[in-house]
Structure formats: C-alpha cells, structure tokens
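The next block is coords-v6.cif, given as mmCIF, C-alpha atoms.
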```cif
data_structure
loop_
_atom_site.group_PDB
_atom_site.id
_atom_site.type_symbol
_atom_site.label_atom_id
_atom_site.label_comp_id
_atom_site.auth_asym_id
_atom_site.auth_seq_id
_atom_site.Cartn_x
_atom_site.Cartn_y
_atom_site.Cartn_z
ATOM 1 C CA MET A 1 -19.320 -18.450 -21.297
ATOM 2 C CA GLU A 2 -21.754 -19.478 -24.019
ATOM 3 C CA GLU A 3 -24.049 -20.995 -21.396
ATOM 4 C CA ALA A 4 -24.000 -17.599 -19.687
ATOM 5 C CA GLY A 5 -25.346 -16.020 -22.880
ATOM 6 C CA TYR A 6 -22.149 -14.789 -24.530
ATOM 7 C CA LYS A 7 -21.275 -15.044 -28.202
ATOM 8 C CA VAL A 8 -17.646 -16.159 -28.195
ATOM 9 C CA ILE A 9 -15.019 -15.286 -30.794
ATOM 10 C CA LEU A 10 -11.673 -17.076 -30.567
ATOM 11 C CA ASP A 11 -8.568 -15.248 -31.671
ATOM 12 C CA ALA A 12 -7.288 -16.878 -34.891
ATOM 13 C CA GLU A 13 -3.878 -17.568 -33.336
ATOM 14 C CA ILE A 14 -5.059 -18.754 -29.961
ATOM 15 C CA ASN A 15 -3.304 -22.132 -30.306
ATOM 16 C CA THR A 16 -0.084 -20.796 -31.835
ATOM 17 C CA PHE A 17 3.083 -21.835 -30.024
ATOM 18 C CA ARG A 18 4.865 -18.670 -28.914
ATOM 19 C CA ARG A 19 8.517 -17.875 -29.516
ATOM 20 C CA PHE A 20 9.990 -14.804 -27.917
ATOM 21 C CA GLN A 21 10.952 -12.843 -31.016
ATOM 22 C CA ARG A 22 10.233 -9.251 -31.947
ATOM 23 C CA ARG A 23 8.457 -10.176 -35.159
ATOM 24 C CA GLU A 24 6.026 -12.331 -33.226
ATOM 25 C CA ASP A 25 5.576 -9.664 -30.551
ATOM 26 C CA GLU A 26 4.564 -7.210 -33.270
ATOM 27 C CA ARG A 27 2.065 -9.672 -34.763
ATOM 28 C CA ARG A 28 0.505 -10.409 -31.385
ATOM 29 C CA ALA A 29 0.180 -6.691 -30.714
ATOM 30 C CA GLU A 30 -1.543 -6.180 -34.082
ATOM 31 C CA ASN A 31 -3.921 -9.055 -33.331
ATOM 32 C CA LEU A 32 -4.852 -7.520 -29.992
ATOM 33 C CA MET A 33 -5.445 -4.093 -31.532
ATOM 34 C CA ALA A 34 -7.562 -5.631 -34.290
ATOM 35 C CA ILE A 35 -9.798 -7.181 -31.627
ATOM 36 C CA TRP A 36 -10.031 -3.828 -29.890
ATOM 37 C CA ARG A 37 -11.088 -2.092 -33.102
ATOM 38 C CA ASN A 38 -13.901 -4.592 -33.682
ATOM 39 C CA PRO A 39 -17.092 -2.759 -32.639
ATOM 40 C CA GLU A 40 -18.945 -6.041 -32.106
ATOM 41 C CA VAL A 41 -16.573 -7.116 -29.326
ATOM 42 C CA LYS A 42 -17.606 -5.730 -25.941
ATOM 43 C CA ALA A 43 -15.340 -7.757 -23.641
ATOM 44 C CA VAL A 44 -11.963 -9.462 -23.956
ATOM 45 C CA ILE A 45 -10.901 -12.319 -21.658
ATOM 46 C CA SER A 46 -7.447 -13.837 -21.577
ATOM 47 C CA CYS A 47 -7.307 -17.604 -21.909
ATOM 48 C CA THR A 48 -4.272 -18.047 -19.654
ATOM 49 C CA GLY A 49 -1.387 -16.237 -18.006
ATOM 50 C CA GLY A 50 2.247 -17.292 -18.131
ATOM 51 C CA TYR A 51 4.777 -14.937 -19.667
ATOM 52 C CA GLY A 52 5.065 -12.555 -22.597
ATOM 53 C CA ALA A 53 2.512 -9.756 -22.153
ATOM 54 C CA MET A 54 5.266 -7.258 -21.318
ATOM 55 C CA ARG A 55 6.822 -7.888 -24.731
ATOM 56 C CA LEU A 56 3.752 -6.495 -26.532
ATOM 57 C CA LEU A 57 3.733 -3.091 -24.886
ATOM 58 C CA PRO A 58 6.224 -1.275 -27.182
ATOM 59 C CA TYR A 59 4.058 -2.144 -30.204
ATOM 60 C CA LEU A 60 0.660 -1.066 -28.843
ATOM 61 C CA ASP A 61 -0.962 2.261 -29.759
ATOM 62 C CA PRO A 62 -2.757 3.821 -26.753
ATOM 63 C CA GLU A 63 -5.195 5.647 -29.030
ATOM 64 C CA VAL A 64 -6.595 2.370 -30.380
ATOM 65 C CA PHE A 65 -7.601 1.330 -26.864
ATOM 66 C CA ARG A 66 -8.675 4.765 -25.650
ATOM 67 C CA LYS A 67 -11.097 5.212 -28.555
ATOM 68 C CA ASN A 68 -12.592 1.711 -28.234
ATOM 69 C CA PRO A 69 -13.109 1.009 -24.505
ATOM 70 C CA LYS A 70 -13.983 -2.575 -23.625
ATOM 71 C CA SER A 71 -14.043 -4.757 -20.552
ATOM 72 C CA PHE A 72 -10.712 -6.574 -20.304
ATOM 73 C CA VAL A 73 -10.217 -9.489 -17.895
ATOM 74 C CA GLY A 74 -7.140 -11.435 -16.797
ATOM 75 C CA TYR A 75 -4.521 -11.704 -14.083
ATOM 76 C CA SER A 76 -0.944 -12.806 -13.399
ATOM 77 C CA ASP A 77 1.093 -11.939 -16.534
ATOM 78 C CA ILE A 78 -1.875 -9.887 -17.770
ATOM 79 C CA THR A 79 -1.065 -7.351 -15.023
ATOM 80 C CA ALA A 80 1.424 -5.816 -17.502
ATOM 81 C CA LEU A 81 -1.407 -5.048 -19.940
ATOM 82 C CA HIS A 82 -3.704 -3.889 -17.144
ATOM 83 C CA LEU A 83 -1.258 -1.315 -15.826
ATOM 84 C CA TRP A 84 -0.322 -0.170 -19.347
ATOM 85 C CA LEU A 85 -3.985 0.298 -20.291
ATOM 86 C CA MET A 86 -4.720 2.238 -17.107
ATOM 87 C CA ARG A 87 -1.695 4.512 -17.386
ATOM 88 C CA ARG A 88 -1.337 5.013 -21.159
ATOM 89 C CA ALA A 89 -4.960 4.674 -22.352
ATOM 90 C CA GLN A 90 -6.796 5.821 -19.198
ATOM 91 C CA LEU A 91 -9.002 2.714 -19.206
ATOM 92 C CA ARG A 92 -10.458 0.667 -16.396
ATOM 93 C CA VAL A 93 -9.919 -3.094 -16.447
ATOM 94 C CA PHE A 94 -10.815 -6.222 -14.476
ATOM 95 C CA HIS A 95 -8.419 -8.387 -12.490
ATOM 96 C CA GLY A 96 -10.178 -11.729 -12.759
ATOM 97 C CA PRO A 97 -9.969 -15.355 -13.850
ATOM 98 C CA THR A 98 -8.609 -16.461 -17.195
ATOM 99 C CA LEU A 99 -10.651 -18.926 -19.221
ATOM 100 C CA ASP A 100 -8.670 -21.925 -17.997
ATOM 101 C CA ASP A 101 -9.706 -21.111 -14.400
ATOM 102 C CA LEU A 102 -13.431 -21.376 -15.032
ATOM 103 C CA PHE A 103 -15.616 -24.410 -14.411
ATOM 104 C CA PRO A 104 -18.997 -25.005 -16.047
ATOM 105 C CA GLY A 105 -22.065 -24.480 -13.922
ATOM 106 C CA ALA A 106 -23.610 -21.748 -11.853
ATOM 107 C CA ASN A 107 -21.900 -22.698 -8.583
ATOM 108 C CA ASP A 108 -18.330 -21.737 -9.511
ATOM 109 C CA PRO A 109 -17.639 -18.590 -7.434
ATOM 110 C CA SER A 110 -14.950 -17.377 -9.855
ATOM 111 C CA ALA A 111 -17.343 -17.620 -12.794
ATOM 112 C CA GLN A 112 -20.181 -16.033 -10.806
ATOM 113 C CA SER A 113 -18.006 -13.078 -9.851
ATOM 114 C CA LEU A 114 -16.809 -12.651 -13.437
ATOM 115 C CA ILE A 115 -20.302 -12.668 -14.957
ATOM 116 C CA THR A 116 -21.531 -10.202 -12.345
ATOM 117 C CA ALA A 117 -18.641 -7.833 -13.077
ATOM 118 C CA LEU A 118 -19.259 -8.004 -16.835
ATOM 119 C CA THR A 119 -23.018 -7.458 -16.667
ATOM 120 C CA THR A 120 -23.616 -5.190 -13.660
ATOM 121 C CA PRO A 121 -22.124 -1.681 -13.766
ATOM 122 C CA ARG A 122 -21.971 -1.394 -9.968
ATOM 123 C CA PRO A 123 -22.500 -4.716 -8.140
ATOM 124 C CA GLN A 124 -23.875 -4.313 -4.625
ATOM 125 C CA THR A 125 -21.669 -7.039 -3.176
ATOM 126 C CA GLN A 126 -19.077 -6.916 -0.416
ATOM 127 C CA LEU A 127 -16.218 -8.651 -2.183
ATOM 128 C CA GLY A 128 -14.171 -10.905 0.073
ATOM 129 C CA ARG A 129 -16.339 -10.632 3.164
ATOM 130 C CA GLY A 130 -15.961 -13.761 5.306
ATOM 131 C CA SER A 131 -12.742 -14.781 3.529
ATOM 132 C CA ALA A 132 -10.451 -11.759 3.739
ATOM 133 C CA ARG A 133 -8.713 -11.203 7.054
ATOM 134 C CA SER A 134 -8.333 -7.803 8.649
ATOM 135 C CA VAL A 135 -4.806 -7.163 9.978
ATOM 136 C CA ARG A 136 -5.200 -3.409 10.433
ATOM 137 C CA PRO A 137 -8.697 -2.038 10.958
ATOM 138 C CA GLY A 138 -10.151 0.982 9.245
ATOM 139 C CA ASN A 139 -11.870 2.020 6.047
ATOM 140 C CA ALA A 140 -10.924 4.191 3.104
ATOM 141 C CA VAL A 141 -12.049 5.099 -0.413
ATOM 142 C CA GLY A 142 -9.742 5.164 -3.412
ATOM 143 C CA ARG A 143 -9.125 3.976 -6.935
ATOM 144 C CA LEU A 144 -8.256 0.267 -7.011
ATOM 145 C CA THR A 145 -4.962 -0.649 -8.674
ATOM 146 C CA GLY A 146 -2.350 -3.396 -8.611
ATOM 147 C CA GLY A 147 -2.215 -7.049 -9.601
ATOM 148 C CA ASN A 148 0.608 -9.552 -9.645
ATOM 149 C CA LEU A 149 3.452 -8.261 -7.480
ATOM 150 C CA SER A 150 6.279 -9.264 -9.823
ATOM 151 C CA LEU A 151 4.630 -7.509 -12.795
ATOM 152 C CA VAL A 152 3.821 -4.466 -10.674
ATOM 153 C CA GLN A 153 7.495 -4.241 -9.729
ATOM 154 C CA GLN A 154 8.550 -4.464 -13.380
ATOM 155 C CA THR A 155 6.661 -1.251 -14.175
ATOM 156 C CA VAL A 156 8.832 0.834 -11.839
ATOM 157 C CA GLY A 157 10.736 3.441 -13.850
ATOM 158 C CA THR A 158 8.702 2.888 -17.042
ATOM 159 C CA PRO A 159 6.207 5.253 -18.749
ATOM 160 C CA TYR A 160 3.450 2.964 -17.468
ATOM 161 C CA GLU A 161 4.648 2.778 -13.847
ATOM 162 C CA ILE A 162 1.832 1.872 -11.490
ATOM 163 C CA ASP A 163 0.071 4.952 -10.139
ATOM 164 C CA THR A 164 -0.549 4.427 -6.411
ATOM 165 C CA ARG A 165 -1.441 7.983 -5.444
ATOM 166 C CA ASP A 166 -4.587 7.941 -3.255
ATOM 167 C CA ALA A 167 -5.187 4.350 -4.373
ATOM 168 C CA ILE A 168 -6.293 1.103 -2.787
ATOM 169 C CA LEU A 169 -3.377 -1.188 -3.675
ATOM 170 C CA PHE A 170 -4.126 -4.853 -4.424
ATOM 171 C CA LEU A 171 -1.235 -7.334 -4.662
ATOM 172 C CA GLU A 172 -1.051 -11.096 -5.230
ATOM 173 C CA GLU A 173 1.783 -13.512 -5.987
ATOM 174 C CA THR A 174 2.399 -17.207 -6.577
ATOM 175 C CA ARG A 175 5.021 -19.798 -5.714
ATOM 176 C CA ASP A 176 7.616 -17.334 -4.429
ATOM 177 C CA PRO A 177 9.459 -17.652 -1.115
ATOM 178 C CA MET A 178 8.930 -14.957 1.468
ATOM 179 C CA SER A 179 12.337 -13.432 0.725
ATOM 180 C CA VAL A 180 11.340 -12.678 -2.885
ATOM 181 C CA VAL A 181 8.035 -11.101 -1.843
ATOM 182 C CA ASP A 182 10.026 -9.165 0.759
ATOM 183 C CA GLU A 183 12.470 -7.726 -1.786
ATOM 184 C CA ARG A 184 9.663 -6.722 -4.163
ATOM 185 C CA LEU A 185 7.738 -4.920 -1.452
ATOM 186 C CA LEU A 186 10.912 -3.194 -0.288
ATOM 187 C CA HIS A 187 11.493 -2.037 -3.859
ATOM 188 C CA LEU A 188 8.005 -0.542 -4.029
ATOM 189 C CA ARG A 189 8.586 1.234 -0.745
ATOM 190 C CA ALA A 190 12.014 2.522 -1.820
ATOM 191 C CA ALA A 191 10.472 3.828 -5.061
ATOM 192 C CA GLY A 192 7.940 5.809 -3.022
ATOM 193 C CA LEU A 193 5.003 3.794 -4.302
ATOM 194 C CA LEU A 194 3.604 2.874 -0.883
ATOM 195 C CA ARG A 195 3.785 6.375 0.574
ATOM 196 C CA HIS A 196 0.420 7.688 -0.628
ATOM 197 C CA VAL A 197 -1.796 4.587 -0.726
ATOM 198 C CA ARG A 198 -5.076 4.729 1.184
ATOM 199 C CA GLY A 199 -5.366 0.995 1.808
ATOM 200 C CA ILE A 200 -3.669 -2.308 0.971
ATOM 201 C CA VAL A 201 -5.290 -5.610 -0.022
ATOM 202 C CA PHE A 202 -3.106 -8.703 -0.165
ATOM 203 C CA GLY A 203 -4.662 -11.456 -2.224
ATOM 204 C CA GLN A 204 -3.441 -15.022 -2.427
ATOM 205 C CA LEU A 205 0.325 -14.972 -1.889
ATOM 206 C CA SER A 206 0.946 -18.762 -2.008
ATOM 207 C CA LEU A 207 3.840 -18.481 0.441
ATOM 208 C CA ASP A 208 5.523 -21.359 2.193
ATOM 209 C CA ARG A 209 3.040 -22.029 5.002
ATOM 210 C CA SER A 210 5.842 -22.160 7.566
ATOM 211 C CA GLU A 211 6.685 -18.536 6.719
ATOM 212 C CA GLU A 212 3.224 -16.996 6.969
ATOM 213 C CA ASP A 213 3.392 -15.769 10.575
ATOM 214 C CA GLU A 214 6.834 -14.298 10.032
ATOM 215 C CA PHE A 215 5.685 -12.657 6.813
ATOM 216 C CA GLU A 216 2.742 -10.991 8.494
ATOM 217 C CA ASP A 217 5.035 -9.537 11.179
ATOM 218 C CA PHE A 218 7.375 -8.259 8.459
ATOM 219 C CA LEU A 219 4.494 -6.831 6.480
ATOM 220 C CA LEU A 220 3.028 -4.884 9.363
ATOM 221 C CA ASP A 221 6.459 -3.524 10.232
ATOM 222 C CA LEU A 222 7.052 -2.520 6.606
ATOM 223 C CA VAL A 223 3.853 -0.485 6.379
ATOM 224 C CA SER A 224 3.592 0.566 10.024
ATOM 225 C CA GLU A 225 4.079 4.243 9.183
ATOM 226 C CA LEU A 226 1.239 4.256 6.627
ATOM 227 C CA GLU A 227 -1.646 3.923 9.102
ATOM 228 C CA VAL A 228 -4.029 2.580 6.452
ATOM 229 C CA PRO A 229 -6.467 -0.367 6.538
ATOM 230 C CA ILE A 230 -4.895 -3.665 5.455
ATOM 231 C CA LEU A 231 -6.534 -6.926 4.412
ATOM 232 C CA MET A 232 -4.842 -10.278 3.866
ATOM 233 C CA ASP A 233 -6.028 -13.567 2.339
ATOM 234 C CA PHE A 234 -8.362 -11.756 -0.045
ATOM 235 C CA PRO A 235 -9.835 -14.407 -2.414
ATOM 236 C CA ALA A 236 -8.203 -13.224 -5.648
ATOM 237 C CA GLY A 237 -5.087 -14.512 -7.388
ATOM 238 C CA HIS A 238 -3.636 -17.898 -8.242
ATOM 239 C CA GLU A 239 -5.922 -19.989 -6.023
ATOM 240 C CA VAL A 240 -9.651 -20.729 -5.887
ATOM 241 C CA PRO A 241 -11.778 -18.677 -5.815
ATOM 242 C CA ASN A 242 -10.383 -15.861 -7.949
ATOM 243 C CA LEU A 243 -12.898 -13.043 -7.587
ATOM 244 C CA THR A 244 -13.076 -10.328 -10.252
ATOM 245 C CA LEU A 245 -11.878 -6.890 -9.138
ATOM 246 C CA PRO A 246 -12.516 -3.571 -10.952
ATOM 247 C CA LEU A 247 -9.063 -2.012 -11.359
ATOM 248 C CA GLY A 248 -9.155 1.722 -12.035
ATOM 249 C CA THR A 249 -12.569 2.037 -10.383
ATOM 250 C CA GLU A 250 -13.207 3.810 -7.090
ATOM 251 C CA VAL A 251 -13.856 1.297 -4.309
ATOM 252 C CA GLU A 252 -14.150 1.286 -0.544
ATOM 253 C CA ILE A 253 -11.971 -0.944 1.626
ATOM 254 C CA VAL A 254 -13.404 -1.951 4.997
ATOM 255 C CA ALA A 255 -11.275 -3.783 7.552
ATOM 256 C CA ASP A 256 -13.765 -4.510 10.305
ATOM 257 C CA GLY A 257 -12.813 -6.685 13.268
ATOM 258 C CA SER A 258 -11.547 -10.023 11.949
ATOM 259 C CA THR A 259 -12.733 -9.756 8.348
ATOM 260 C CA GLY A 260 -13.022 -7.140 5.621
ATOM 261 C CA TRP A 261 -14.198 -6.469 2.096
ATOM 262 C CA LEU A 262 -14.148 -4.262 -0.980
ATOM 263 C CA SER A 263 -17.226 -2.608 -2.434
ATOM 264 C CA TYR A 264 -17.823 -0.546 -5.562
ATOM 265 C CA ARG A 265 -18.226 3.197 -5.074
ATOM 266 C CA GLU A 266 -18.901 3.968 -8.754
ATOM 267 C CA ASP A 267 -19.798 2.209 -11.999
ATOM 268 C CA ALA A 268 -17.001 0.294 -13.708
ATOM 269 C CA LEU A 269 -16.198 1.469 -17.242
ATOM 270 C CA ALA A 270 -17.450 -0.257 -20.362
ATOM 271 C CA ALA A 271 -19.869 -2.605 -18.679
ATOM 272 C CA PRO A 272 -21.336 -4.412 -21.709
ATOM 273 C CA GLU A 273 -24.995 -4.880 -22.424
ATOM 274 C CA ASP A 274 -26.602 -8.275 -22.000
ATOM 275 C CA ARG A 275 -25.353 -11.030 -24.288
ATOM 276 C CA PRO A 276 -22.325 -9.191 -25.721
ATOM 277 C CA ARG A 277 -19.809 -10.694 -28.089
ATOM 278 C CA LEU A 278 -16.800 -11.871 -26.152
ATOM 279 C CA SER A 279 -13.318 -12.318 -27.585
ATOM 280 C CA LEU A 280 -10.909 -14.815 -26.015
ATOM 281 C CA VAL A 281 -7.187 -14.178 -26.513
#
```
When written as structure tokens, how does the structure in this file appear?
Amino acid sequence: MEEAGYKVILDAEINTFRRFQRREDERRAENLMAIWRNPEVKAVISCTGGYGAMRLLPYLDPEVFRKNPKSFVGYSDITALHLWLMRRAQLRVFHGPTLDDLFPGANDPSAQSLITALTTPRPQTQLGRGSARSVRPGNAVGRLTGGNLSLVQQTVGTPYEIDTRDAILFLEETRDPMSVVDERLLHLRAAGLLRHVRGIVFGQLSLDRSEEDEFEDFLLDLVSELEVPILMDFPAGHEVPNLTLPLGTEVEIVADGSTGWLSYREDALAAPEDRPRLSLV
C-alpha cells in the first residue's frame, strides 16, 4: 500500500490477541470509532477476516460514521460491519481484499482492483467479464448489496437486516457443503429477501466440486420465479482474485451469452484524493 502512494497508520492494537468478552468488544468498538473520527484518515482496510465483527455492533454509534464518511474495505466477517454501516449509517462501502490477501507488485489483480476502487470515483471497467459465468441472461440496474452468505443470513430480523429491495444481490461463501448454502438461501427466500432483487451475483462459493452441477440446478430452481439475470463464478470472495465491489452503489449487471459483468452506474461515496492516509485495522 505504501508503494501505491498511501500513508499507512496501523491501529495500536492490531496485534492484540482477541478474547470474546464484552469489555474487549467495547474497546474494539471505541478504537474503530476513534479511527473514523480522525479527519486525516480517508480509507480503512481490514487486515483479515475471521470472526468477531458482529460483536462490535451494539457498541457502535451510527452518527460517528455518518458524519465522517470514509472508504471501508474488507470481506468475509467484515460483511457484518458493511451491512450495519449501509443500514444504520447510510454509507457505501467496498467488498474487497483484506491486507493479508494482497501481494506486492503491480500485477496482482486483487491489489489492482482495490487501488482503482479507492482512487477512481467511477471506474470504467466491466468487473468480472471473462471470468463470471452467465446462468440466466439479461441486464438490470440496482444498488449493489450483499457479501458473505453466512453473515448476510445473521442479519435477518435485526435492525440492520440486509436491504434487498430493487438491489443487485452479491453472495459468496467458503468451505461449506452444498446443504449449508442451500439452507441459508432457503432462509433468505423464506424471509422475503429474494422477492424484490433485480439481479443475483454469486461469487466464489468454494463448494465441494462434486456438488457444483447439482447446486446450479438447485439454484436455478430456487430463483426460477424471479426472472432476473444471474451470474456465477464471479471473481470475488475467498479465492484469487478477489475483486473490489462497491456495495451501496448503483451498478449494472449484464449476463450476456456465456459471460457477464458488473459496471458502475454512479460514483462510489467517499472516494479519497490521491495519496490519502490509510488506516489498517
């Protein structure tokens, strides 16, 4: 990140071993809000995923984030913070690589996509073209939302439940058998959260390879009544590359023949100026 021109600030407790206790949750929440209040910090990138982001949410003040918009990047467990920030603070965020996913050099596609998202308000790229696979053709425009499927499911029934109305829904998952992905998708459907989507993008699902054909048949049957464009194998999630996606921003989904892509339809919020200060948490 420094080679890309960023001034990096490391959170003071970045190497602290985490215990799942309320007192520590409160301290982590205060640390995050302190970073957000710092006017010199223009972007915040998570160092890793794992578990524990959901525990911070009761101790976060939406006003702190709403009044100090910044670019915020992460994925996996960070989906909890993404959906909270979109619903409670009305911010846009980036689903993208954590620091431990990045490799030095200009040829890393994950790093290239991240830098472009952080420095260009509306990139003119067709994200996923040539990699994503069209399983139901069509095109649609909507606000992009979603993230890790298990964290998306955990928002159901909460004050920060994922808002899928007129949205392009992106979902990814890792190391789960097809049956678990099945039950989570069925839960979203039963909760009415698939009814009004305008398109669906499945990122890297990391399923048992022997189950992929069966899963695709199940998937198409599950959403058959929606009649919306659907992409699979979109290059974002727990595998390489992990392209950066602008959650909360209006995008267009195109499922054209055998491939498909996403493209920006508006500027993403809080795109920082060149050479911003970047905080890693």
Run through the PyMOL selection byres ((chain A and resi 44-59) around 10) on the given coordinates and return the selected residues as JSON, numbers by chain.
{"A": [8, 9, 10, 14, 18, 19, 20, 21, 22, 24, 25, 26, 27, 28, 29, 30, 32, 33, 35, 36, 41, 42, 43, 60, 61, 62, 70, 71, 72, 73, 74, 75, 76, 77, 78, 79, 80, 81, 82, 84, 85, 94, 96, 97, 98, 99, 100, 101, 102, 151, 154, 155, 160, 277, 278, 279, 280, 281]}
Could you jot down the atom CA of Met232 of chain A to atom CA of Leu219 of chain A separation for me, Å, one decimal place?
10.3 Å
Separation of atom CA of Val135 of chain A from atom CA of Leu83 of chain A, in Å and rounded to one decimal:
26.7 Å
Separation of atom CA of Asp256 of chain A and atom CA of Val228 of chain A, in Å?
12.6 Å
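If all atoms listed in the file are the atoms counted, then among A:Val201, A:Met86, A:His196, A:Ser206 the closest residue to Ile162 of chain A is A:Met86.
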